[in-house]
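Chemist: Please find one structure pasted underneath; my questions will follow.
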Amino acid sequence: MITFKRLDHILITVPEGRRAEAQDFYGAVLGLTEIPGQHPKAAIWFRIGDVELHITEEAGNDPSDRHPAFEIVDLNDAKQFLAEKNIDVQYASEIPGRQRCFFRDPFGNRFELIEFNA
């Protein structure tokens with residue numbers, strides 16, 4: 001048996017040659033804190049809550065429905081923030097006890113934001 005403690009990091013990919021654009025999107029546009037260092041495979045690391053987001057370049061970065069989901073404090077504020085940044089917000093089927101939405105980064109990676117009902 002494996003005793004899991006927590007999620008440490010998520011790795012996503014961007015097309016080759018778009019590393020600087022990814023660094024700008026996640027740092028300047030979304031406002032995530034970059035974790036400095038010489039990371040493996042020239043990855044860029046950012047902090048999202050208590051999880052790290054690792055980004056590497058890779059050929060053949062086709063969009064899919066795979067995604068991480070992040071619990072957030074206020075979904076309406078998040079949707080407004082994304083709209084102000086001209087990031088398309090997509091809605092999904094309702095799930096009892098939570099509200100959610102999706103967005104994609106400029107590279108096709110999909111993210112879900114969830115607010116649990118009180």
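Every chain in the structure tokens has a letter given in the order shown (A, B, ...), and although residue numbers restart at 1 in each chain, ligands are simply numbered from 1 in the order shown.
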Find the spatial neighbours of Glu21 in chain A, counting only C-alpha atoms, within a cut-off of 12 Å - ignore same-chain residues fewer than 3 positions away - and output them as a ChimeraX atom specification.
Modeler: /A:14-18,24-29,44,55-57,105-107
Chemist: Do you know which residues are at most 8 Å from Glu71 in chain A counting only C-alpha atoms, after dropping those on the same chain fewer than 4 positions away, and could you put them as a tab-separated table (two decimals) with C-alpha atoms, in the first residue's frame?
Modeler:
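As written to disk, result22.tsv reads:
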```tsv
chain	number	residue	atom	x	y	z
A	113	LEU	CA	-11.31	26.00	-10.83
A	114	ILE	CA	-13.65	24.77	-8.09
A	115	GLU	CA	-15.43	26.54	-5.25
A	116	PHE	CA	-17.15	24.22	-2.79
```
Chemist: Please report, as a PyMOL selection string, each residue of range 21-98 of chain A to which DSSP assigns strand (DSSP E) when run on this structure's backbone.
Modeler: chain A and resi 33-35+44-48+51-57+69-71+89-90+98
Chemist: Emit the selected residues as a CSV table (one decimal), in the first residue's frame, including C-alpha atoms.
Modeler:
```
chain,number,residue,atom,x,y,z
A,33,THR,CA,5.2,33.3,-8.1
A,34,GLU,CA,8.1,31.8,-10.0
A,35,ILE,CA,10.4,29.5,-8.2
A,44,ILE,CA,10.0,26.8,-15.3
A,45,TRP,CA,8.5,26.3,-11.8
A,46,PHE,CA,5.7,28.3,-10.3
A,47,ARG,CA,3.9,28.2,-6.9
A,48,ILE,CA,0.1,27.6,-6.9
A,51,VAL,CA,1.4,22.9,-5.1
A,52,GLU,CA,4.1,23.6,-7.7
A,53,LEU,CA,3.4,23.9,-11.4
A,54,HIS,CA,6.3,22.7,-13.6
A,55,ILE,CA,6.4,23.7,-17.3
A,56,THR,CA,8.6,22.2,-20.0
A,57,GLU,CA,8.7,22.4,-23.8
A,69,ALA,CA,-8.4,21.1,-10.7
A,70,PHE,CA,-7.7,23.7,-8.1
A,71,GLU,CA,-10.0,24.6,-5.2
A,89,VAL,CA,-14.0,30.9,-19.4
A,90,GLN,CA,-15.8,27.7,-20.2
A,98,ARG,CA,-19.6,22.8,-5.9
```
Chemist: Which parts of chain A does DSSP call alpha helix (DSSP H) when run on the backbone here, written out as number ranges by chain?
Modeler: A: 19-24, 75-84
Chemist: Between A:Asp50, A:Gly97, A:Arg104, A:Phe81, which has the minimum distance to Ala118 in chain A (counting only C-alpha atoms)?
Modeler: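 Of A:Asp50, A:Gly97, A:Arg104, A:Phe81, the one nearest Ala118 in chain A is A:Gly97, counting only C-alpha atoms.
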Chemist: List as a PyMOL selection string the protein and nucleic acid residues near Arg66 in chain A, meaning an atom at most 12 Å away when only C-alpha atoms are counted, but skip any in the same chain fewer than 5 places from it.
Modeler: chain A and resi 10-12+102-104+108-112
Chemist: Output the selection as a PDB file, in the first residue's frame - N, CA and C atoms for each residue.
Modeler:
```pdb
ATOM      1  N   ILE A  10       2.523  19.542 -10.491  1.00  0.00           N
ATOM      2  CA  ILE A  10       1.894  19.147 -11.741  1.00  0.00           C
ATOM      3  C   ILE A  10       2.836  19.607 -12.838  1.00  0.00           C
ATOM      4  N   LEU A  11       3.072  18.763 -13.831  1.00  0.00           N
ATOM      5  CA  LEU A  11       3.884  19.154 -14.975  1.00  0.00           C
ATOM      6  C   LEU A  11       2.988  19.271 -16.196  1.00  0.00           C
ATOM      7  N   ILE A  12       3.073  20.425 -16.858  1.00  0.00           N
ATOM      8  CA  ILE A  12       2.378  20.609 -18.121  1.00  0.00           C
ATOM      9  C   ILE A  12       3.416  20.932 -19.177  1.00  0.00           C
ATOM     10  N   PHE A 102     -13.789  26.148 -16.329  1.00  0.00           N
ATOM     11  CA  PHE A 102     -12.534  25.742 -16.954  1.00  0.00           C
ATOM     12  C   PHE A 102     -11.959  26.902 -17.750  1.00  0.00           C
ATOM     13  N   PHE A 103     -10.657  26.890 -17.928  1.00  0.00           N
ATOM     14  CA  PHE A 103     -10.009  27.786 -18.877  1.00  0.00           C
ATOM     15  C   PHE A 103      -8.793  27.063 -19.444  1.00  0.00           C
ATOM     16  N   ARG A 104      -8.330  27.550 -20.581  1.00  0.00           N
ATOM     17  CA  ARG A 104      -7.118  27.004 -21.205  1.00  0.00           C
ATOM     18  C   ARG A 104      -6.063  28.096 -21.261  1.00  0.00           C
ATOM     19  N   GLY A 108      -3.033  25.519 -24.875  1.00  0.00           N
ATOM     20  CA  GLY A 108      -4.041  24.467 -24.942  1.00  0.00           C
ATOM     21  C   GLY A 108      -4.206  23.662 -23.670  1.00  0.00           C
ATOM     22  N   ASN A 109      -3.401  23.919 -22.631  1.00  0.00           N
ATOM     23  CA  ASN A 109      -3.545  23.194 -21.369  1.00  0.00           C
ATOM     24  C   ASN A 109      -4.830  23.644 -20.674  1.00  0.00           C
ATOM     25  N   ARG A 110      -5.586  22.677 -20.159  1.00  0.00           N
ATOM     26  CA  ARG A 110      -6.884  22.938 -19.543  1.00  0.00           C
ATOM     27  C   ARG A 110      -6.767  22.918 -18.015  1.00  0.00           C
ATOM     28  N   PHE A 111      -7.435  23.882 -17.359  1.00  0.00           N
ATOM     29  CA  PHE A 111      -7.432  23.987 -15.908  1.00  0.00           C
ATOM     30  C   PHE A 111      -8.861  24.132 -15.418  1.00  0.00           C
ATOM     31  N   GLU A 112      -9.153  23.482 -14.286  1.00  0.00           N
ATOM     32  CA  GLU A 112     -10.463  23.613 -13.657  1.00  0.00           C
ATOM     33  C   GLU A 112     -10.314  24.371 -12.346  1.00  0.00           C
TER      34      GLU A 112
END
```
